[in-house]
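**Q** Next comes the structure file target33.pdb, holding PDB, C-alpha atoms and all ligand atoms.
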MODEL        1
ATOM      1  CA  MET A   1      11.792 -43.091  34.435
ATOM      2  CA  ILE A   2       9.797 -41.342  31.720
ATOM      3  CA  LEU A   3       6.119 -40.556  32.305
ATOM      4  CA  ILE A   4       3.862 -40.328  29.276
ATOM      5  CA  THR A   5       0.296 -39.085  28.956
ATOM      6  CA  GLY A   6      -1.960 -39.924  26.011
ATOM      7  CA  ALA A   7      -0.376 -43.386  25.748
ATOM      8  CA  THR A   8      -3.595 -45.002  24.501
ATOM      9  CA  GLY A   9      -3.794 -42.469  21.642
ATOM     10  CA  ARG A  10      -2.518 -42.303  18.079
ATOM     11  CA  THR A  11       0.766 -40.568  18.898
ATOM     12  CA  GLY A  12       1.368 -41.567  22.504
ATOM     13  CA  SER A  13       0.999 -45.308  21.914
ATOM     14  CA  HIS A  14       3.979 -45.190  19.551
ATOM     15  CA  VAL A  15       6.052 -43.076  21.952
ATOM     16  CA  ALA A  16       5.435 -45.560  24.780
ATOM     17  CA  ARG A  17       5.993 -48.639  22.619
ATOM     18  CA  GLU A  18       9.237 -47.308  21.112
ATOM     19  CA  LEU A  19      10.639 -46.358  24.531
ATOM     20  CA  ALA A  20       9.801 -49.821  25.870
ATOM     21  CA  LEU A  21      11.418 -51.376  22.786
ATOM     22  CA  ARG A  22      14.587 -49.406  23.505
ATOM     23  CA  GLY A  23      14.591 -50.683  27.093
ATOM     24  CA  VAL A  24      13.912 -47.231  28.564
ATOM     25  CA  PRO A  25      11.805 -47.386  31.753
ATOM     26  CA  VAL A  26       8.448 -45.825  30.813
ATOM     27  CA  ARG A  27       5.265 -45.281  32.802
ATOM     28  CA  ALA A  28       1.928 -44.280  31.269
ATOM     29  CA  LEU A  29      -0.835 -42.353  33.031
ATOM     30  CA  VAL A  30      -3.992 -43.943  31.631
ATOM     31  CA  ARG A  31      -7.660 -43.503  32.398
ATOM     32  CA  ASN A  32      -8.573 -47.053  31.423
ATOM     33  CA  PRO A  33      -5.867 -49.701  31.948
ATOM     34  CA  ALA A  34      -7.861 -52.278  29.952
ATOM     35  CA  LYS A  35      -7.330 -50.080  26.870
ATOM     36  CA  ALA A  36      -3.571 -50.150  27.574
ATOM     37  CA  ALA A  37      -3.200 -53.916  28.018
ATOM     38  CA  ALA A  38      -1.044 -54.238  24.880
ATOM     39  CA  LEU A  39       1.265 -51.491  26.166
ATOM     40  CA  ALA A  40       1.593 -53.253  29.528
ATOM     41  CA  ALA A  41       2.466 -56.450  27.662
ATOM     42  CA  ALA A  42       5.142 -54.492  25.775
ATOM     43  CA  GLY A  43       6.732 -53.475  29.099
ATOM     44  CA  VAL A  44       5.084 -50.110  29.800
ATOM     45  CA  GLU A  45       4.257 -49.572  33.485
ATOM     46  CA  LEU A  46       0.666 -48.353  33.917
ATOM     47  CA  VAL A  47      -0.683 -45.895  36.482
ATOM     48  CA  THR A  48      -4.426 -45.388  36.461
ATOM     49  CA  GLY A  49      -5.618 -41.799  36.728
ATOM     50  CA  ASP A  50      -7.122 -38.784  35.031
ATOM     51  CA  ALA A  51      -4.869 -35.819  34.228
ATOM     52  CA  SER A  52      -7.605 -33.442  35.380
ATOM     53  CA  ASP A  53      -7.047 -34.798  38.897
ATOM     54  CA  ALA A  54      -3.829 -33.262  40.305
ATOM     55  CA  GLU A  55      -3.531 -36.038  42.929
ATOM     56  CA  SER A  56      -3.400 -38.783  40.309
ATOM     57  CA  VAL A  57      -0.795 -36.834  38.319
ATOM     58  CA  ARG A  58       1.284 -36.357  41.489
ATOM     59  CA  GLY A  59       0.986 -40.068  42.239
ATOM     60  CA  ALA A  60       2.371 -40.922  38.799
ATOM     61  CA  MET A  61       5.495 -38.710  39.175
ATOM     62  CA  ARG A  62       7.497 -40.882  41.605
ATOM     63  CA  GLY A  63      11.070 -41.139  40.290
ATOM     64  CA  VAL A  64      10.186 -39.424  37.014
ATOM     65  CA  ARG A  65      12.945 -37.442  35.239
ATOM     66  CA  LYS A  66      11.218 -36.762  31.931
ATOM     67  CA  VAL A  67       7.578 -36.257  30.964
ATOM     68  CA  ALA A  68       5.934 -36.573  27.528
ATOM     69  CA  VAL A  69       2.866 -34.313  27.466
ATOM     70  CA  ILE A  70       0.329 -35.538  24.891
ATOM     71  CA  PHE A  71      -3.354 -34.579  24.942
ATOM     72  CA  PRO A  72      -6.103 -34.419  22.347
ATOM     73  CA  ASN A  73      -7.280 -31.115  20.897
ATOM     74  CA  GLY A  74     -10.111 -29.629  22.908
ATOM     75  CA  GLU A  75     -11.233 -26.965  25.281
ATOM     76  CA  GLN A  76      -9.580 -28.758  28.241
ATOM     77  CA  GLN A  77      -6.211 -29.310  26.540
ATOM     78  CA  LEU A  78      -4.405 -26.235  27.864
ATOM     79  CA  ALA A  79      -5.569 -26.769  31.457
ATOM     80  CA  LEU A  80      -4.592 -30.469  31.346
ATOM     81  CA  GLU A  81      -1.152 -29.717  29.894
ATOM     82  CA  LYS A  82      -0.468 -26.904  32.393
ATOM     83  CA  GLN A  83      -1.496 -29.171  35.258
ATOM     84  CA  VAL A  84       0.834 -31.994  34.179
ATOM     85  CA  VAL A  85       3.724 -29.570  33.579
ATOM     86  CA  ASP A  86       3.246 -27.769  36.913
ATOM     87  CA  VAL A  87       3.076 -31.026  38.872
ATOM     88  CA  ALA A  88       6.103 -32.359  36.943
ATOM     89  CA  VAL A  89       8.170 -29.266  37.783
ATOM     90  CA  ALA A  90       7.081 -29.313  41.445
ATOM     91  CA  SER A  91       7.983 -33.020  41.614
ATOM     92  CA  GLY A  92      11.527 -32.418  40.325
ATOM     93  CA  ALA A  93      11.218 -33.575  36.702
ATOM     94  CA  GLU A  94      14.045 -32.198  34.557
ATOM     95  CA  HIS A  95      12.682 -32.372  31.017
ATOM     96  CA  VAL A  96       9.258 -31.973  29.397
ATOM     97  CA  LEU A  97       8.563 -33.001  25.800
ATOM     98  CA  LYS A  98       5.325 -31.807  24.254
ATOM     99  CA  ILE A  99       3.539 -33.028  21.150
ATOM    100  CA  SER A 100       2.539 -29.730  19.579
ATOM    101  CA  SER A 101       1.725 -28.759  16.009
ATOM    102  CA  MET A 102       3.537 -27.019  13.163
ATOM    103  CA  GLU A 103       0.714 -24.491  13.086
ATOM    104  CA  ALA A 104       1.411 -23.413  16.688
ATOM    105  CA  LEU A 105       2.701 -19.894  16.137
ATOM    106  CA  PRO A 106       2.612 -16.684  18.190
ATOM    107  CA  THR A 107       0.344 -15.228  15.516
ATOM    108  CA  ALA A 108      -2.039 -18.236  15.470
ATOM    109  CA  HIS A 109      -5.695 -17.358  15.885
ATOM    110  CA  ASN A 110      -7.255 -20.804  15.458
ATOM    111  CA  PRO A 111      -8.122 -21.999  19.001
ATOM    112  CA  THR A 112      -6.348 -25.379  18.707
ATOM    113  CA  HIS A 113      -3.162 -23.800  17.347
ATOM    114  CA  ARG A 114      -3.403 -21.078  20.003
ATOM    115  CA  VAL A 115      -3.717 -23.723  22.753
ATOM    116  CA  HIS A 116      -0.569 -25.446  21.487
ATOM    117  CA  TRP A 117       1.341 -22.177  21.354
ATOM    118  CA  ASP A 118       0.195 -21.070  24.836
ATOM    119  CA  SER A 119       1.086 -24.490  26.245
ATOM    120  CA  GLU A 120       4.549 -24.317  24.616
ATOM    121  CA  GLU A 121       5.046 -20.889  26.183
ATOM    122  CA  HIS A 122       3.963 -22.197  29.591
ATOM    123  CA  ILE A 123       6.523 -25.020  29.349
ATOM    124  CA  ARG A 124       9.314 -22.672  28.187
ATOM    125  CA  ALA A 125       8.572 -20.334  31.117
ATOM    126  CA  SER A 126       8.518 -23.166  33.669
ATOM    127  CA  GLY A 127      12.299 -23.494  33.930
ATOM    128  CA  VAL A 128      12.595 -27.192  32.910
ATOM    129  CA  ALA A 129      14.431 -28.331  29.807
ATOM    130  CA  TRP A 130      11.911 -28.768  26.986
ATOM    131  CA  THR A 131      11.492 -30.315  23.561
ATOM    132  CA  MET A 132       8.650 -29.391  21.212
ATOM    133  CA  VAL A 133       7.740 -32.025  18.608
ATOM    134  CA  ARG A 134       5.585 -30.280  16.014
ATOM    135  CA  PRO A 135       4.156 -32.635  13.379
ATOM    136  CA  SER A 136       2.061 -31.550  10.401
ATOM    137  CA  PHE A 137      -1.323 -33.016   9.275
ATOM    138  CA  TYR A 138      -1.439 -36.728  10.196
ATOM    139  CA  MET A 139      -1.848 -39.262   7.383
ATOM    140  CA  GLN A 140      -3.965 -41.202   9.873
ATOM    141  CA  ASN A 141      -6.652 -38.478   9.622
ATOM    142  CA  PHE A 142      -7.650 -40.236   6.386
ATOM    143  CA  LEU A 143      -8.568 -43.355   8.351
ATOM    144  CA  SER A 144     -11.813 -41.637   9.363
ATOM    145  CA  ASN A 145     -12.710 -41.897   5.649
ATOM    146  CA  ALA A 146     -12.050 -45.638   5.475
ATOM    147  CA  ALA A 147     -15.756 -46.557   5.298
ATOM    148  CA  THR A 148     -16.561 -44.357   2.267
ATOM    149  CA  ILE A 149     -13.257 -45.214   0.577
ATOM    150  CA  LYS A 150     -14.110 -48.902   0.898
ATOM    151  CA  ALA A 151     -17.799 -48.610   0.014
ATOM    152  CA  GLU A 152     -17.820 -45.832  -2.609
ATOM    153  CA  GLY A 153     -14.208 -45.227  -3.629
ATOM    154  CA  LYS A 154     -14.612 -41.628  -2.430
ATOM    155  CA  PHE A 155     -13.627 -39.430   0.483
ATOM    156  CA  TYR A 156     -15.190 -36.123   1.416
ATOM    157  CA  TYR A 157     -13.754 -32.915   2.914
ATOM    158  CA  PRO A 158     -14.548 -29.193   2.613
ATOM    159  CA  PHE A 159     -11.073 -28.374   1.289
ATOM    160  CA  GLY A 160     -12.192 -27.069  -2.107
ATOM    161  CA  GLU A 161     -10.241 -27.878  -5.263
ATOM    162  CA  ARG A 162      -6.959 -26.310  -4.099
ATOM    163  CA  GLY A 163      -6.644 -27.568  -0.522
ATOM    164  CA  ALA A 164      -3.351 -29.322   0.275
ATOM    165  CA  ALA A 165      -1.404 -30.544   3.282
ATOM    166  CA  ALA A 166       2.128 -31.521   4.257
ATOM    167  CA  LEU A 167       1.673 -34.995   5.731
ATOM    168  CA  THR A 168       3.187 -36.813   8.722
ATOM    169  CA  ASP A 169       2.646 -40.412   9.784
ATOM    170  CA  SER A 170       1.549 -40.268  13.453
ATOM    171  CA  ARG A 171       3.678 -43.395  14.072
ATOM    172  CA  ASP A 172       6.698 -41.380  12.897
ATOM    173  CA  ALA A 173       5.702 -38.564  15.271
ATOM    174  CA  GLY A 174       5.685 -41.103  18.117
ATOM    175  CA  PHE A 175       8.993 -42.621  17.005
ATOM    176  CA  PHE A 176      10.548 -39.149  16.764
ATOM    177  CA  ALA A 177       9.372 -38.149  20.247
ATOM    178  CA  ALA A 178      10.683 -41.401  21.735
ATOM    179  CA  HIS A 179      14.031 -40.806  20.001
ATOM    180  CA  CYS A 180      14.221 -37.313  21.557
ATOM    181  CA  LEU A 181      13.462 -38.749  25.000
ATOM    182  CA  ALA A 182      15.889 -41.669  24.723
ATOM    183  CA  THR A 183      18.915 -39.870  23.245
ATOM    184  CA  PRO A 184      20.822 -36.779  24.467
ATOM    185  CA  GLY A 185      20.962 -33.336  22.899
ATOM    186  CA  HIS A 186      17.299 -32.428  22.416
ATOM    187  CA  GLU A 187      16.969 -30.008  25.316
ATOM    188  CA  ASN A 188      15.355 -26.667  24.425
ATOM    189  CA  LYS A 189      14.835 -27.659  20.793
ATOM    190  CA  SER A 190      11.741 -27.227  18.688
ATOM    191  CA  TYR A 191      11.316 -29.689  15.809
ATOM    192  CA  ASP A 192       8.896 -29.199  12.894
ATOM    193  CA  ILE A 193       8.491 -32.679  11.383
ATOM    194  CA  THR A 194       6.773 -33.836   8.200
ATOM    195  CA  SER A 195       7.216 -36.466   5.530
ATOM    196  CA  PRO A 196       8.377 -35.197   2.088
ATOM    197  CA  ASP A 197       4.687 -35.313   0.987
ATOM    198  CA  LYS A 198       3.001 -31.995   0.300
ATOM    199  CA  LEU A 199      -0.104 -33.090  -1.572
ATOM    200  CA  SER A 200      -3.410 -31.630  -2.666
ATOM    201  CA  PHE A 201      -6.364 -33.784  -1.651
ATOM    202  CA  HIS A 202      -6.854 -34.758  -5.308
ATOM    203  CA  GLU A 203      -3.199 -35.914  -5.274
ATOM    204  CA  VAL A 204      -3.903 -37.904  -2.099
ATOM    205  CA  ALA A 205      -6.777 -39.598  -3.970
ATOM    206  CA  ALA A 206      -4.387 -40.358  -6.849
ATOM    207  CA  VAL A 207      -1.940 -42.034  -4.428
ATOM    208  CA  PHE A 208      -4.774 -44.087  -2.939
ATOM    209  CA  SER A 209      -5.959 -45.060  -6.449
ATOM    210  CA  ARG A 210      -2.471 -46.174  -7.462
ATOM    211  CA  GLU A 211      -1.692 -48.036  -4.258
ATOM    212  CA  LEU A 212      -5.095 -49.661  -3.794
ATOM    213  CA  GLY A 213      -5.426 -50.546  -7.478
ATOM    214  CA  ARG A 214      -8.847 -48.946  -7.965
ATOM    215  CA  GLN A 215     -10.233 -45.443  -8.584
ATOM    216  CA  ILE A 216     -10.485 -43.317  -5.415
ATOM    217  CA  ASP A 217     -11.768 -39.740  -5.654
ATOM    218  CA  TYR A 218     -11.627 -36.764  -3.337
ATOM    219  CA  VAL A 219     -15.008 -34.991  -3.423
ATOM    220  CA  PRO A 220     -14.982 -31.373  -2.170
ATOM    221  CA  GLN A 221     -17.879 -30.582   0.157
ATOM    222  CA  ASP A 222     -19.823 -27.433   0.923
ATOM    223  CA  PRO A 223     -18.271 -26.146   4.219
ATOM    224  CA  ALA A 224     -21.617 -25.446   5.952
ATOM    225  CA  ALA A 225     -23.066 -28.830   5.023
ATOM    226  CA  TYR A 226     -19.867 -30.566   6.155
ATOM    227  CA  LYS A 227     -19.969 -28.709   9.486
ATOM    228  CA  ALA A 228     -23.550 -29.853  10.049
ATOM    229  CA  TYR A 229     -22.470 -33.433   9.272
ATOM    230  CA  LEU A 230     -19.419 -33.241  11.586
ATOM    231  CA  GLY A 231     -21.585 -31.758  14.349
ATOM    232  CA  ARG A 232     -23.250 -35.168  14.636
ATOM    233  CA  PHE A 233     -19.940 -36.650  15.847
ATOM    234  CA  LEU A 234     -18.259 -33.800  17.782
ATOM    235  CA  ALA A 235     -20.058 -33.036  21.038
ATOM    236  CA  SER A 236     -18.160 -29.806  21.806
ATOM    237  CA  ARG A 237     -19.116 -26.622  19.935
ATOM    238  CA  TRP A 238     -15.625 -25.228  20.710
ATOM    239  CA  HIS A 239     -14.004 -28.227  19.023
ATOM    240  CA  LEU A 240     -16.387 -28.185  16.042
ATOM    241  CA  ASP A 241     -15.763 -24.467  15.398
ATOM    242  CA  ALA A 242     -11.999 -24.921  15.779
ATOM    243  CA  VAL A 243     -11.834 -27.888  13.391
ATOM    244  CA  CYS A 244     -13.986 -26.162  10.771
ATOM    245  CA  ASP A 245     -11.845 -23.047  11.065
ATOM    246  CA  ILE A 246      -8.778 -25.190  10.245
ATOM    247  CA  PHE A 247     -10.668 -26.685   7.295
ATOM    248  CA  ALA A 248     -11.456 -23.164   6.020
ATOM    249  CA  GLU A 249      -7.773 -22.210   6.257
ATOM    250  CA  ILE A 250      -6.787 -25.291   4.245
ATOM    251  CA  ALA A 251      -9.463 -24.560   1.630
ATOM    252  CA  ALA A 252      -8.128 -20.994   1.369
ATOM    253  CA  GLY A 253      -4.696 -22.381   0.465
ATOM    254  CA  TYR A 254      -2.856 -22.411   3.811
ATOM    255  CA  VAL A 255      -0.265 -25.183   3.864
ATOM    256  CA  VAL A 256       3.027 -25.639   5.726
ATOM    257  CA  GLU A 257       6.177 -26.578   3.837
ATOM    258  CA  PRO A 258       7.720 -30.054   4.300
ATOM    259  CA  THR A 259      10.920 -30.267   6.330
ATOM    260  CA  ASP A 260      13.784 -32.803   6.437
ATOM    261  CA  VAL A 261      14.094 -32.574  10.223
ATOM    262  CA  PHE A 262      12.835 -36.137  10.792
ATOM    263  CA  LYS A 263      15.689 -37.662   8.771
ATOM    264  CA  GLN A 264      18.277 -35.203  10.090
ATOM    265  CA  VAL A 265      17.495 -36.025  13.724
ATOM    266  CA  THR A 266      16.683 -39.765  13.576
ATOM    267  CA  GLY A 267      18.731 -40.833  10.542
ATOM    268  CA  ARG A 268      15.652 -42.694   9.277
ATOM    269  CA  ASP A 269      13.518 -41.908   6.238
ATOM    270  CA  PRO A 270      10.020 -40.760   7.177
ATOM    271  CA  VAL A 271       7.044 -42.793   5.974
ATOM    272  CA  THR A 272       5.408 -41.335   2.861
ATOM    273  CA  LEU A 273       1.747 -41.794   1.968
ATOM    274  CA  ALA A 274       2.658 -44.105  -0.911
ATOM    275  CA  SER A 275       5.194 -46.154   0.985
ATOM    276  CA  GLU A 276       4.457 -49.752   1.714
ATOM    277  CA  ARG A 277       4.882 -49.107   5.423
ATOM    278  CA  CYS A 278       2.014 -46.615   5.375
ATOM    279  CA  LEU A 279      -0.817 -48.168   3.371
ATOM    280  CA  ARG A 280      -0.135 -51.823   4.124
ATOM    281  CA  ARG A 281       0.228 -51.335   7.881
ATOM    282  CA  GLU A 282      -2.886 -49.158   8.045
ATOM    283  CA  SER A 283      -4.755 -51.988   6.358
ATOM    284  CA  VAL A 284      -8.280 -50.701   7.029
ATOM    285  CA  LEU A 285      -8.263 -48.970   3.638
ATOM    286  CA  ILE A 286      -7.520 -52.154   1.735
TER     287      ILE A 286
HETATM  288  N1  LIG B 301      -4.259 -35.074  13.920
HETATM  289  C1  LIG B 301      -3.302 -34.360  13.370
HETATM  290  O1  LIG B 301      -3.260 -34.147  12.142
HETATM  291  C2  LIG B 301      -2.219 -33.777  14.234
HETATM  292  C3  LIG B 301      -1.115 -33.179  13.612
HETATM  293  C4  LIG B 301      -0.126 -32.598  14.410
HETATM  294  C5  LIG B 301      -0.239 -32.629  15.804
HETATM  295  N2  LIG B 301      -1.328 -33.247  16.382
HETATM  296  C6  LIG B 301      -1.426 -33.220  17.858
HETATM  297  O2  LIG B 301      -1.172 -34.489  18.404
HETATM  298  C7  LIG B 301      -1.704 -34.487  19.737
HETATM  299  C8  LIG B 301      -2.134 -35.898  20.082
HETATM  300  O3  LIG B 301      -3.107 -36.308  19.156
HETATM  301  P1  LIG B 301      -3.530 -37.830  19.033
HETATM  302  O4  LIG B 301      -4.271 -37.928  17.729
HETATM  303  O5  LIG B 301      -2.371 -38.725  19.310
HETATM  304  O6  LIG B 301      -4.572 -37.946  20.242
HETATM  305  P2  LIG B 301      -5.608 -39.109  20.537
HETATM  306  O7  LIG B 301      -5.367 -40.300  19.668
HETATM  307  O8  LIG B 301      -6.966 -38.493  20.565
HETATM  308  O9  LIG B 301      -5.208 -39.543  22.027
HETATM  309  C9  LIG B 301      -5.451 -38.718  23.118
HETATM  310  C10 LIG B 301      -4.910 -39.407  24.358
HETATM  311  O10 LIG B 301      -5.073 -38.532  25.491
HETATM  312  C11 LIG B 301      -5.673 -39.268  26.545
HETATM  313  N3  LIG B 301      -6.431 -38.378  27.422
HETATM  314  C12 LIG B 301      -7.403 -37.510  27.050
HETATM  315  N4  LIG B 301      -7.889 -36.860  28.139
HETATM  316  C13 LIG B 301      -7.200 -37.348  29.209
HETATM  317  C14 LIG B 301      -7.232 -37.083  30.593
HETATM  318  N5  LIG B 301      -8.083 -36.182  31.131
HETATM  319  N6  LIG B 301      -6.388 -37.761  31.423
HETATM  320  C15 LIG B 301      -5.536 -38.685  30.913
HETATM  321  N7  LIG B 301      -5.440 -38.982  29.591
HETATM  322  C16 LIG B 301      -6.270 -38.317  28.750
HETATM  323  C17 LIG B 301      -6.562 -40.287  25.826
HETATM  324  O11 LIG B 301      -6.894 -41.318  26.716
HETATM  325  P3  LIG B 301      -8.218 -42.244  26.564
HETATM  326  O12 LIG B 301      -7.769 -43.424  25.746
HETATM  327  O13 LIG B 301      -8.569 -42.575  27.963
HETATM  328  O14 LIG B 301      -9.274 -41.402  25.865
HETATM  329  C18 LIG B 301      -5.631 -40.702  24.694
HETATM  330  O15 LIG B 301      -4.664 -41.622  25.160
HETATM  331  C19 LIG B 301      -2.826 -33.440  19.754
HETATM  332  O16 LIG B 301      -2.536 -32.444  20.694
HETATM  333  C20 LIG B 301      -2.821 -32.882  18.327
HETATM  334  O17 LIG B 301      -3.037 -31.494  18.256
HETATM  335  C21 LIG B 301      -2.291 -33.835  15.628
ENDMDL
END
Please express what this file holds, its structure, as structure tokens.
**A**
Amino acid sequence: MILITGATGRTGSHVARELALRGVPVRALVRNPAKAAALAAAGVELVTGDASDAESVRGAMRGVRKVAVIFPNGEQQLALEKQVVDVAVASGAEHVLKISSMEALPTAHNPTHRVHWDSEEHIRASGVAWTMVRPSFYMQNFLSNAATIKAEGKFYYPFGERGAAALTDSRDAGFFAAHCLATPGHENKSYDITSPDKLSFHEVAAVFSRELGRQIDYVPQDPAAYKAYLGRFLASRWHLDAVCDIFAEIAAGYVVEPTDVFKQVTGRDPVTLASERCLRRESVLI
């Protein structure tokens, strides 16, 4: 049995679905089972509980050999991940897979990247076999711009003129993680995964223009004004500062290099931003 957290999220839903599709017994720890009804219908066993409650995590571990640790960025992320890992180890789980980030490095100073790195280190020190799946910037981040892309043909970020990102489809990240859980040979491996796309945000706009058949522009924003705007949606100051710090790094030219690890490990081509599988399936932009 494989236990997965974050199964109602962007990455975890695809891990759970792919495992179920492969006939691998999979259980999801979810806070709200109604939100996971489609997963249950796909064959995922649901256990209701909050990862901040050690008892509910313990209750979900019965018969579990592998655990996929997936949590959103935030101030609580490290504590939640440590709790799940510690309970998993104490309950006899043999393998922990974590969704991390390519920016998680020992030298990282951004709080979200630091949390990922510290959590990776905690897992490596715990004695279980581990797999780190480290995607780059999700293509799905652009979905938060769907409303302005539809209404104005524009999307806004504080990435300046030069900002760029190596892109990953979050569905590929989920597929990749499920592959690592369902097939042998991924113990104590760290995988940096991306698509072949390394694009400036103007180049992203050009792909959208071409694929959607109308002009779409990326409009650079003043960082302070954008932070004030984002502050209306992000309740946590910690999270707001961390996100804006990442934005500043991107604007200053920080970008990771694409890798071919996805294809090497799964044998499948990763989704690119322009590929039919990306834009058509994420149909909110159209
Ligand atoms: N966005 C990117 O560009 C990017 C790139 C590389 C790596 N990543 C990493 O990918 C990871 C996952 O991101 P995501 O976008 O898939 O996350 P997401 O869509 O925000 O999903 C988060 C999941 O965690 C669950 N969750 C949160 N708190 C919980 C708790 N206390 N107990 C149980 N479940 C809880 C949520 O459940 P509810 O449905 O109940 O809220 C949801 O299922 C993050 O750590 C991020 O750093 C992201």
**Q** Identify, counting only C-alpha atoms and all ligand atoms, the protein, DNA and RNA residues located within 8 Å of ligand LIG 301 (chain B), and give them as JSON, numbers by chain.
**A** {"A": [5, 6, 7, 8, 9, 10, 11, 12, 13, 29, 30, 31, 32, 35, 49, 50, 51, 52, 53, 70, 71, 72, 73, 77, 80, 99, 100, 101, 102, 112, 113, 116, 134, 135, 136, 137, 138, 139, 140, 141, 168, 170]}
**Q** Here's the selection I'm unsure about, the PyMOL selection byres (((chain A and resi 211) around 9) and not hetatm); applied to the file above, which residues does it give, as a PyMOL selection string?
**A** chain A and resi 206-210+212-214+274-276+279
**Q** Here is a test: counting all atoms listed in the file, which residue of A:Thr183, A:Val115, A:Asn188, A:Arg171 is nearest to Met132 (chain A)?
**A**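 Among the listed residues, the smallest separation from Met132 (chain A) belongs to A:Asn188.
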**Q** Find the residues around Tyr226 (chain A) up to 10 Å (all atoms listed in the file counted), leave out those fewer than 6 positions away in its own chain, and share them as a ChimeraX atom specification.
**A** /A:156-158,220,244
**Q** Leaving out Leu39 (chain A) and any residue of its chain fewer than 5 positions from it, which residues lie within 8 Å of it when counting only C-alpha atoms, given as a list in words?
**A**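 Answer for this query is Ser13, Ala16, Arg17 and Val44 of chain A.
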**Q** My list of candidates is A:Thr266, A:Thr272, A:Ser144, A:Ser91. Which is closest to Thr194 (chain A) when distances are computed with all atoms listed in the file?
**A**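 Between A:Thr266, A:Thr272, A:Ser144, A:Ser91, the residue approaching Thr194 (chain A) most closely is A:Thr272.
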**Q** Go through A:Pro258, A:Pro196, A:Gly160, A:Gly127 one by one, measure the shortest atom-to-atom distance of each to His95 (chain A) using all atoms listed in the file, and give the residue with the smallest value.
**A** A:Gly127
**Q** For CA of Asp86 (chain A) and CA of His122 (chain A), quote the distance in Å rounded to one decimal.
**A**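 CA of His122 (chain A) lies 9.2 Å from CA of Asp86 (chain A).
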**Q** Starting from the shown file, work through the PyMOL selection byres (((chain A and resi 230) around 12) and not hetatm) and note down what comes out as a VMD selection string.
**A** chain A and resid 144 156 to 158 221 223 to 229 231 to 237 239 to 244 247
**Q** Pull out every residue that the PyMOL selection byres (((chain A and resi 161-163) around 8) and not hetatm) matches in the shown coordinates and put them as a list in words.
**A**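 Here the PyMOL selection byres (((chain A and resi 161-163) around 8) and not hetatm) matches Phe159, Gly160, Ala164, Ala165, Ser200, Phe201, His202, Pro220, Ile250, Ala251, Ala252, Gly253 and Tyr254 of chain A.
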**Q** Can you tell me how far CA of Val85 (chain A) sits from CA of Glu187 (chain A), in Å to one decimal?
**A**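 Spanning CA of Val85 (chain A) to CA of Glu187 (chain A) is a straight-line distance of 15.6 Å.
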**Q** Kindly give the distance, in Å, that separates CA of Val26 (chain A) and CA of Gly63 (chain A), rounded to a single decimal.
**A**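 Calculated distance between CA of Val26 (chain A) and CA of Gly63 (chain A) is 10.9 Å.
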**Q** Go through A:Met61, A:Ile123, A:Ala42, A:Ala248 one by one, measure the shortest atom-to-atom distance of each to Val24 (chain A) using only C-alpha atoms, and give the residue with the smallest value.
**A**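 Closest candidate: A:Ala42.
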